[in-house]
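File shown: data.txt. Contents: compact mmCIF, C-alpha atoms.
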```txt
# COMPACT_ATOMS: atom_id res chain seq x y z
CA MET N 1 174.47 61.55 96.59
CA GLU N 2 170.93 61.35 95.24
CA LEU N 3 170.27 59.51 92.00
CA THR N 4 166.89 59.30 90.27
CA THR N 5 165.94 56.48 87.92
CA SER N 6 163.61 56.53 84.93
CA ARG N 7 163.15 54.64 81.66
CA ILE N 8 163.17 55.53 77.98
CA GLY N 9 162.38 52.48 75.89
CA PRO N 10 165.08 49.91 76.61
CA TRP N 11 167.23 52.45 78.45
CA LYS N 12 167.47 52.81 82.20
CA VAL N 13 168.18 56.50 82.82
CA LEU N 14 170.07 57.51 85.95
CA THR N 15 170.20 61.18 86.86
CA PRO N 16 172.66 62.18 89.57
CA LYS N 17 171.39 65.18 91.52
CA VAL N 18 174.79 66.68 92.01
CA GLU N 19 176.68 69.61 90.51
CA ARG N 20 180.17 68.21 90.93
CA LEU N 21 181.32 64.67 90.18
CA ASP N 22 184.74 64.85 91.76
CA ALA N 23 186.97 62.73 93.96
CA SER N 24 184.85 63.40 97.04
CA VAL N 25 181.83 61.60 95.55
CA ALA N 26 183.34 59.36 92.86
CA GLU N 27 183.28 56.15 94.92
CA ASP N 28 179.62 56.66 95.90
CA PHE N 29 178.78 57.44 92.30
CA LYS N 30 180.50 54.29 91.06
CA ALA N 31 178.75 52.13 93.65
CA MET N 32 175.36 53.55 92.67
CA LEU N 33 175.95 52.89 88.98
CA LEU N 34 177.09 49.33 89.66
CA SER N 35 174.04 48.78 91.82
CA ALA N 36 171.85 49.91 88.92
CA LEU N 37 173.36 47.18 86.75
CA ALA N 38 172.64 44.43 89.26
CA ASP N 39 169.25 43.63 87.70
CA GLY N 40 170.91 42.77 84.39
CA THR N 41 170.47 46.20 82.81
CA ARG N 42 172.31 46.31 79.50
CA ASN N 43 171.34 49.78 78.28
CA LEU N 44 172.25 52.51 80.72
CA VAL N 45 172.01 56.27 80.35
CA VAL N 46 173.77 58.55 82.80
CA HIS N 47 171.95 61.84 82.45
CA LEU N 48 174.53 64.52 83.30
CA GLY N 49 172.32 67.57 82.86
CA ASN N 50 172.78 68.63 86.49
CA VAL N 51 176.53 68.04 86.54
CA ARG N 52 178.48 71.25 86.04
CA PHE N 53 181.89 69.76 86.76
CA MET N 54 183.51 66.35 86.47
CA ASP N 55 187.14 65.52 87.18
CA SER N 56 189.18 62.43 86.31
CA SER N 57 187.87 60.61 89.39
CA GLY N 58 184.29 60.94 88.17
CA LEU N 59 185.40 59.96 84.69
CA GLY N 60 187.26 56.95 86.08
CA SER N 61 184.03 55.79 87.73
CA LEU N 62 182.29 55.84 84.37
CA VAL N 63 185.13 53.90 82.71
CA TYR N 64 185.04 51.33 85.51
CA VAL N 65 181.29 50.84 85.19
CA ARG N 66 181.47 50.63 81.39
CA GLN N 67 184.10 47.89 81.67
CA ARG N 68 181.86 45.90 83.97
CA MET N 69 178.81 45.97 81.76
CA GLU N 70 178.00 42.77 79.95
CA ALA N 71 179.26 42.32 76.40
CA GLY N 72 176.91 44.16 74.09
CA GLY N 73 175.88 46.53 76.84
CA ARG N 74 175.59 50.23 76.11
CA LEU N 75 176.43 53.17 78.34
CA CYS N 76 175.28 56.55 77.12
CA LEU N 77 176.24 59.90 78.64
CA ALA N 78 173.40 62.33 78.10
CA GLU N 79 173.45 66.12 78.13
CA PRO N 80 177.09 66.63 79.13
CA GLN N 81 177.66 70.26 80.11
CA LEU N 82 180.71 72.22 78.96
CA GLU N 83 183.07 71.06 81.69
CA VAL N 84 182.07 67.41 81.27
CA ALA N 85 182.42 67.66 77.50
CA THR N 86 185.85 69.22 78.06
CA ILE N 87 187.26 66.29 80.02
CA LEU N 88 185.75 63.79 77.59
CA ARG N 89 187.35 65.66 74.69
CA LEU N 90 190.77 66.06 76.31
CA THR N 91 191.00 62.36 77.24
CA HIS N 92 189.46 61.25 73.91
CA LEU N 93 186.99 59.16 75.91
CA ASP N 94 184.17 60.81 74.00
CA LYS N 95 185.04 58.10 71.46
CA VAL N 96 184.46 55.35 74.02
CA PHE N 97 181.08 56.33 75.41
CA LEU N 98 177.90 56.98 73.54
CA VAL N 99 177.19 60.66 74.02
CA CYS N 100 173.87 62.33 73.30
CA GLU N 101 173.16 66.01 73.63
CA LYS N 102 169.55 65.53 74.74
CA VAL N 103 167.88 62.66 76.55
CA SER N 104 164.90 63.21 74.26
CA SER N 105 167.09 62.36 71.26
CA LEU N 106 167.40 58.82 72.61
CA ARG N 107 163.68 58.31 72.25
CA GLU N 108 163.72 59.80 68.76
CA ALA N 109 166.65 57.59 67.74
CA GLU N 110 164.97 54.50 69.17
CA ASP N 111 161.74 55.36 67.38
CA ALA N 112 163.57 55.93 64.10
CA HIS N 113 166.02 53.08 63.89
CA GLY N 114 167.36 52.20 67.30
CA VAL N 115 170.46 53.70 68.84
CA PRO N 116 173.58 52.18 67.28
CA SER N 117 175.37 49.64 69.44
CA THR N 118 178.78 51.03 68.48
CA SER N 119 180.46 53.55 70.73
CA ASN N 120 180.43 56.29 68.14
CA ALA N 121 179.01 59.41 69.68
CA ALA N 122 178.45 61.16 66.37
CA GLU N 123 175.91 58.58 65.29
CA VAL N 124 173.79 59.30 68.34
CA ARG N 125 174.10 63.06 67.96
CA ALA N 126 172.86 62.73 64.41
CA MET O 127 194.46 93.88 86.25
CA SER O 128 196.92 92.40 88.70
CA TRP O 129 195.88 90.23 91.62
CA GLN O 130 197.49 87.80 94.01
CA ALA O 131 196.26 85.65 96.88
CA THR O 132 197.55 82.79 98.99
CA ILE O 133 195.30 80.13 100.46
CA VAL O 134 196.49 77.58 102.98
CA MET O 135 194.26 74.52 103.00
CA GLU O 136 194.01 71.26 104.85
CA PRO O 137 194.67 68.17 102.72
CA SER O 138 191.02 67.24 102.26
CA LEU O 139 188.77 66.90 99.22
CA LEU O 140 186.22 69.31 100.67
CA GLU O 141 188.97 71.90 101.01
CA VAL O 142 189.78 71.35 97.33
CA ARG O 143 186.20 72.38 96.54
CA ARG O 144 186.44 75.47 98.71
CA THR O 145 189.73 76.56 97.18
CA THR O 146 188.41 75.91 93.67
CA GLN O 147 185.50 78.25 94.41
CA ALA O 148 188.00 80.94 95.34
CA LEU O 149 189.91 80.46 92.09
CA MET O 150 186.77 80.50 89.96
CA GLY O 151 185.55 83.62 91.72
CA ALA O 152 188.84 85.34 90.95
CA ILE O 153 188.73 84.53 87.22
CA GLU O 154 184.98 84.77 86.60
CA ASP O 155 185.32 87.85 84.38
CA ILE O 156 188.48 86.77 82.57
CA GLY O 157 188.70 84.85 79.31
CA THR O 158 186.20 82.52 77.72
CA GLU O 159 184.04 80.05 79.57
CA THR O 160 185.90 77.20 77.85
CA SER O 161 189.31 78.40 79.00
CA ARG O 162 188.03 78.93 82.55
CA CYS O 163 186.55 75.40 82.54
CA GLU O 164 189.87 73.97 81.43
CA LEU O 165 191.77 75.83 84.12
CA GLU O 166 189.29 74.68 86.77
CA LEU O 167 189.85 71.09 85.68
CA ALA O 168 193.66 71.41 85.78
CA PHE O 169 193.49 73.08 89.19
CA VAL O 170 191.19 70.44 90.69
CA GLU O 171 193.39 67.63 89.36
CA ALA O 172 196.51 69.19 90.87
CA CYS O 173 194.88 69.99 94.21
CA THR O 174 193.23 66.58 94.46
CA ASN O 175 196.63 64.93 93.97
CA SER O 176 198.02 67.13 96.74
CA ALA O 177 195.09 66.35 99.04
CA LYS O 178 195.50 62.62 98.48
CA HIS O 179 199.28 62.31 98.45
CA GLY O 180 200.69 65.61 99.66
CA SER O 181 201.17 64.80 103.32
CA LYS O 182 202.98 61.50 102.85
CA GLY O 183 206.46 62.83 102.35
CA GLY O 184 207.38 64.14 105.76
CA GLY O 185 207.32 67.77 104.63
CA ARG O 186 204.63 70.37 105.28
CA ARG O 187 201.25 68.97 106.38
CA ASP O 188 199.07 71.58 104.73
CA ILE O 189 198.72 72.68 101.11
CA ARG O 190 199.66 76.20 100.09
CA VAL O 191 198.04 77.60 96.96
CA THR O 192 199.25 80.90 95.52
CA LEU O 193 197.20 82.48 92.74
CA GLN O 194 198.62 85.25 90.60
CA ILE O 195 196.57 86.92 87.90
CA GLU O 196 198.03 89.46 85.50
CA ASP O 197 195.42 90.48 82.96
CA ALA O 198 194.44 87.17 81.32
CA PHE O 199 197.54 85.33 82.50
CA VAL O 200 197.03 83.03 85.49
CA GLU O 201 199.80 81.38 87.49
CA ILE O 202 198.96 78.91 90.24
CA ALA O 203 201.61 77.48 92.58
CA ILE O 204 200.59 74.46 94.65
CA GLU O 205 202.94 73.40 97.45
CA ASP O 206 202.55 70.24 99.50
CA GLY O 207 204.67 67.97 101.67
CA GLY O 208 204.38 64.91 99.47
CA GLU O 209 207.03 62.60 98.10
CA GLU O 210 208.81 63.50 94.88
CA PHE O 211 206.97 62.60 91.70
CA ASP O 212 207.42 63.15 87.98
CA PRO O 213 204.69 65.38 86.53
CA PHE O 214 206.24 64.98 83.08
CA GLU O 215 206.12 61.20 83.03
CA GLU O 216 205.18 60.00 79.58
CA GLU O 217 201.53 59.09 79.33
CA ARG O 218 200.64 55.45 78.86
CA LYS O 219 199.37 54.85 75.37
CA ILE O 220 195.74 53.84 75.57
CA ASP O 221 193.85 51.89 72.97
CA LEU O 222 190.37 53.35 72.75
CA GLU O 223 189.22 50.25 70.85
CA ASP O 224 190.21 47.97 73.75
CA LEU O 225 187.72 48.78 76.46
CA ALA O 226 189.19 46.38 79.01
CA SER O 227 192.60 48.05 78.80
CA LEU O 228 191.38 51.57 79.55
CA PRO O 229 192.71 52.89 82.85
CA CYS O 230 190.16 53.97 85.46
CA GLY O 231 192.55 56.57 86.85
CA GLY O 232 195.82 58.33 86.24
CA TYR O 233 194.46 60.92 83.81
CA GLY O 234 195.16 63.91 86.05
CA LEU O 235 198.74 64.86 85.18
CA GLY O 236 198.11 64.36 81.47
CA LEU O 237 195.11 66.69 81.67
CA ILE O 238 197.17 69.31 83.50
CA ARG O 239 199.86 69.22 80.82
CA LYS O 240 197.33 69.41 77.99
CA ILE O 241 195.47 72.34 79.51
CA CYS O 242 198.31 74.51 80.79
CA ASP O 243 200.63 76.60 78.66
CA SER O 244 203.49 75.57 80.94
CA VAL O 245 204.04 73.46 84.03
CA ASP O 246 207.05 73.74 86.35
CA TYR O 247 207.93 71.41 89.18
CA THR O 248 210.46 71.47 92.00
CA HIS O 249 210.99 69.22 94.98
CA ASN O 250 212.99 70.04 98.09
CA ALA O 251 213.10 69.13 101.79
CA PHE O 252 209.75 70.85 102.39
CA GLY O 253 207.98 68.93 99.64
CA ASN O 254 206.65 69.61 96.16
CA LYS O 255 205.90 72.80 94.30
CA LEU O 256 203.89 72.55 91.10
CA ILE O 257 203.34 75.70 89.09
CA LEU O 258 200.60 75.85 86.46
CA ARG O 259 200.46 78.71 83.95
CA LYS O 260 197.70 79.44 81.52
CA ARG O 261 196.72 82.45 79.52
CA LEU O 262 192.93 82.50 79.42
CA THR O 263 191.58 82.97 75.92
CA PRO O 264 190.18 86.48 75.49
CA ALA O 265 186.39 86.44 75.32
CA SER O 266 186.53 88.51 72.14
CA THR O 267 188.17 85.54 70.37
CA GLU O 268 185.22 83.30 71.23
CA ARG O 269 182.75 85.92 70.01
CA MET O 270 184.64 86.21 66.73
CA ALA O 271 184.65 82.44 66.33
CA VAL O 272 180.90 82.32 66.83
CA ARG O 273 180.36 85.10 64.30
CA SER O 274 182.48 83.40 61.67
CA ALA O 275 180.85 80.00 62.19
```
structure tokens encoding of this file:
Amino acid sequence: MELTTSRIGPWKVLTPKVERLDASVAEDFKAMLLSALADGTRNLVVHLGNVRFMDSSGLGSLVYVRQRMEAGGRLCLAEPQLEVATILRLTHLDKVFLVCEKVSSLREAEDAHGVPSTSNAAEVRA
Amino acid sequence: MSWQATIVMEPSLLEVRRTTQALMGAIEDIGTETSRCELELAFVEACTNSAKHGSKGGGRRDIRVTLQIEDAFVEIAIEDGGEEFDPFEEERKIDLEDLASLPCGGYGLGLIRKICDSVDYTHNAFGNKLILRKRLTPASTERMAVRSA
């Protein structure tokens, strides 16, 4: 799986170049995310704009990585497509992750008042 | 519209993808995008379980998927040779405020039950048979919802 890395302010942005985050790639995906945290990154964005489908294995990778981030760390899921939003909604894990509809809104939020450190998605969407 | 097909697949995750493509192709003009997305998720969860565990029970070695579509009503039977399990097992209560306690797996059966209108399960000497049923939401309903919003 290919993953590109960029930065927006304090956020490291990882963009998986894959359409499906399912059980066949979930372990690779998890390993790549953990590797991205190895430099002490505390603010991580997973940009899901390319991901058309995610199952519970992909979701489990995100939960695992979020649990292993340092206290005070933030994991934001950016641009979840319909299918990704569906699994987040059905499992209620949209209340656990920060979720933002556009990566660009992260920059705007940072410029305005900083993205809240709570895991309340609605605050970021606003 | 009435349509039926049977696909026999090897218990592999790549085969799950291939079979999912067949399902999504069959329902691409039925229901709303949201209801199709939900059904895709339920189907992948069920097939992934079969691919991972379905050849451990001494029954059939392959996975047999039967799709039946009657207008907007979809029934999917998934048969594998796995050991008996309880698809209706009560979900563990999770505390969304307690990050460390969140499970990293085990969401699949709960998702299937939430998405499907009904789920049936039988187990016999040949293995498991899980039947998922869902009526896809008519597209006209989604258009009306958008208009009224």
*Please, which residues of chain O lie no more than 10 Å from chain N when the count uses all atoms listed in the file, and can they be set out as a PyMOL selection string?*
chain O and resi 138-140+142-143+159-164+166-168+170-171+174-175+178+220+222-237+240-241
Atoms kept (C-alpha atoms) for selection, written as a PDB file, in the frame of the given file:
```pdb
ATOM      1  CA  SER O 138     191.020  67.240 102.260  1.00  0.00           C
ATOM      2  CA  LEU O 139     188.770  66.900  99.220  1.00  0.00           C
ATOM      3  CA  LEU O 140     186.220  69.310 100.670  1.00  0.00           C
ATOM      4  CA  VAL O 142     189.780  71.350  97.330  1.00  0.00           C
ATOM      5  CA  ARG O 143     186.200  72.380  96.540  1.00  0.00           C
ATOM      6  CA  GLU O 159     184.040  80.050  79.570  1.00  0.00           C
ATOM      7  CA  THR O 160     185.900  77.200  77.850  1.00  0.00           C
ATOM      8  CA  SER O 161     189.310  78.400  79.000  1.00  0.00           C
ATOM      9  CA  ARG O 162     188.030  78.930  82.550  1.00  0.00           C
ATOM     10  CA  CYS O 163     186.550  75.400  82.540  1.00  0.00           C
ATOM     11  CA  GLU O 164     189.870  73.970  81.430  1.00  0.00           C
ATOM     12  CA  GLU O 166     189.290  74.680  86.770  1.00  0.00           C
ATOM     13  CA  LEU O 167     189.850  71.090  85.680  1.00  0.00           C
ATOM     14  CA  ALA O 168     193.660  71.410  85.780  1.00  0.00           C
ATOM     15  CA  VAL O 170     191.190  70.440  90.690  1.00  0.00           C
ATOM     16  CA  GLU O 171     193.390  67.630  89.360  1.00  0.00           C
ATOM     17  CA  THR O 174     193.230  66.580  94.460  1.00  0.00           C
ATOM     18  CA  ASN O 175     196.630  64.930  93.970  1.00  0.00           C
ATOM     19  CA  LYS O 178     195.500  62.620  98.480  1.00  0.00           C
ATOM     20  CA  ILE O 220     195.740  53.840  75.570  1.00  0.00           C
ATOM     21  CA  LEU O 222     190.370  53.350  72.750  1.00  0.00           C
ATOM     22  CA  GLU O 223     189.220  50.250  70.850  1.00  0.00           C
ATOM     23  CA  ASP O 224     190.210  47.970  73.750  1.00  0.00           C
ATOM     24  CA  LEU O 225     187.720  48.780  76.460  1.00  0.00           C
ATOM     25  CA  ALA O 226     189.190  46.380  79.010  1.00  0.00           C
ATOM     26  CA  SER O 227     192.600  48.050  78.800  1.00  0.00           C
ATOM     27  CA  LEU O 228     191.380  51.570  79.550  1.00  0.00           C
ATOM     28  CA  PRO O 229     192.710  52.890  82.850  1.00  0.00           C
ATOM     29  CA  CYS O 230     190.160  53.970  85.460  1.00  0.00           C
ATOM     30  CA  GLY O 231     192.550  56.570  86.850  1.00  0.00           C
ATOM     31  CA  GLY O 232     195.820  58.330  86.240  1.00  0.00           C
ATOM     32  CA  TYR O 233     194.460  60.920  83.810  1.00  0.00           C
ATOM     33  CA  GLY O 234     195.160  63.910  86.050  1.00  0.00           C
ATOM     34  CA  LEU O 235     198.740  64.860  85.180  1.00  0.00           C
ATOM     35  CA  GLY O 236     198.110  64.360  81.470  1.00  0.00           C
ATOM     36  CA  LEU O 237     195.110  66.690  81.670  1.00  0.00           C
ATOM     37  CA  LYS O 240     197.330  69.410  77.990  1.00  0.00           C
ATOM     38  CA  ILE O 241     195.470  72.340  79.510  1.00  0.00           C
TER      39      ILE O 241
END
```
*asked:* Using all atoms listed in the file, which protein or nucleic acid residues come within 9 Å of O:Ser244? Drop anything in the same chain fewer than 5 positions from it, and give the result as a list of chain:residue names.
replied: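 With the cut-off at 9 Å, the set is O:Arg239, O:Ile257, O:Leu258, O:Arg259, O:Lys260.
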*Between atom CA of O:Glu215 and atom CA of O:Leu193, what is the distance, to one decimal in Å?*
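Atom CA of O:Leu193 lies at a distance of 25.0 Å from atom CA of O:Glu215.
Note that the spacing between atom CA of N:Val45 and atom CA of N:Arg74 amounts to 8.2 Å.
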*How many Å separate atom CA of O:Glu201 from atom CA of N:Val51?*
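Straight-line distance from atom CA of O:Glu201 to atom CA of N:Val51 works out to 26.8 Å.
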Around (169.1, 42.5, 82.9), as given in the file, which residues come within 12 Å? Count all atoms listed in the file and list them as a short mmCIF file (atom, residue, chain, number, x, y, z; two decimals) with C-alpha atoms, in the coordinates of the input.
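Wrote it out as out.cif, contents follow:
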```
data_model
loop_
_atom_site.label_atom_id
_atom_site.label_comp_id
_atom_site.auth_asym_id
_atom_site.auth_seq_id
_atom_site.Cartn_x
_atom_site.Cartn_y
_atom_site.Cartn_z
CA PRO N 10 165.08 49.91 76.61
CA TRP N 11 167.23 52.45 78.45
CA LYS N 12 167.47 52.81 82.20
CA SER N 35 174.04 48.78 91.82
CA ALA N 36 171.85 49.91 88.92
CA LEU N 37 173.36 47.18 86.75
CA ALA N 38 172.64 44.43 89.26
CA ASP N 39 169.25 43.63 87.70
CA GLY N 40 170.91 42.77 84.39
CA THR N 41 170.47 46.20 82.81
CA ARG N 42 172.31 46.31 79.50
CA ASN N 43 171.34 49.78 78.28
CA LEU N 44 172.25 52.51 80.72
CA MET N 69 178.81 45.97 81.76
CA GLU N 70 178.00 42.77 79.95
CA GLY N 72 176.91 44.16 74.09
CA GLY N 73 175.88 46.53 76.84
#
```
Would you list the residues near (175.8, 56.7, 76.8), meaning any protein, DNA or RNA residue with an atom at most 8 Å from that point in file coordinates, counting all atoms listed in the file, as a compact mmCIF listing (two decimals) with C-alpha atoms, keeping the file's coordinate frame?
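Final output, saved to part.txt:
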```
# COMPACT_ATOMS: atom_id res chain seq x y z
CA LEU N 44 172.25 52.51 80.72
CA VAL N 45 172.01 56.27 80.35
CA VAL N 46 173.77 58.55 82.80
CA ARG N 74 175.59 50.23 76.11
CA LEU N 75 176.43 53.17 78.34
CA CYS N 76 175.28 56.55 77.12
CA LEU N 77 176.24 59.90 78.64
CA ALA N 78 173.40 62.33 78.10
CA PHE N 97 181.08 56.33 75.41
CA LEU N 98 177.90 56.98 73.54
CA VAL N 99 177.19 60.66 74.02
CA CYS N 100 173.87 62.33 73.30
```
*asked:* Just want the 10 Å neighbourhood of O:Pro137, counted on all atoms listed in the file, with same-chain residues fewer than 3 positions away dropped. Output as an MDAnalysis selection string.
replied: chainID O and resid 134 140:142 173:181 187:190 206
Write out the residues from the selection above, keeping C-alpha atoms, as a short mmCIF file (atom, residue, chain, number, x, y, z; two decimals), in the frame of the given file.
```
data_model
loop_
_atom_site.label_atom_id
_atom_site.label_comp_id
_atom_site.auth_asym_id
_atom_site.auth_seq_id
_atom_site.Cartn_x
_atom_site.Cartn_y
_atom_site.Cartn_z
CA VAL O 134 196.49 77.58 102.98
CA LEU O 140 186.22 69.31 100.67
CA GLU O 141 188.97 71.90 101.01
CA VAL O 142 189.78 71.35 97.33
CA CYS O 173 194.88 69.99 94.21
CA THR O 174 193.23 66.58 94.46
CA ASN O 175 196.63 64.93 93.97
CA SER O 176 198.02 67.13 96.74
CA ALA O 177 195.09 66.35 99.04
CA LYS O 178 195.50 62.62 98.48
CA HIS O 179 199.28 62.31 98.45
CA GLY O 180 200.69 65.61 99.66
CA SER O 181 201.17 64.80 103.32
CA ARG O 187 201.25 68.97 106.38
CA ASP O 188 199.07 71.58 104.73
CA ILE O 189 198.72 72.68 101.11
CA ARG O 190 199.66 76.20 100.09
CA ASP O 206 202.55 70.24 99.50
#
```
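Residues in contact range of O:Gly183, defined as at most 7 Å between all atoms listed in the file, with sequence neighbours fewer than 2 positions away removed, read Gly180, Ser181, Gly185, Gly207, Gly208, Glu209 and Gly253 of chain O.
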Box centre and edge lengths (Å, one decimal), axis-aligned, stretch 238-248 of chain O plus 8 Å each side, as JSON:
```
{"center_x": 203.0, "center_y": 72.9, "center_z": 85.0, "size_x": 31.0, "size_y": 23.4, "size_z": 30.0}
```
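Comparing the minimum interatomic distances between O:Lys182 and each of O:Cys242, O:Asp212, O:Met135, O:Phe252, counting only C-alpha atoms, we find that O:Phe252 sits nearest.
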*Which residue gives the smallest distance to N:Asp28 among N:Pro16, N:Leu48, N:Met1, N:Pro80, with all atoms listed in the file counted?*
N:Met1
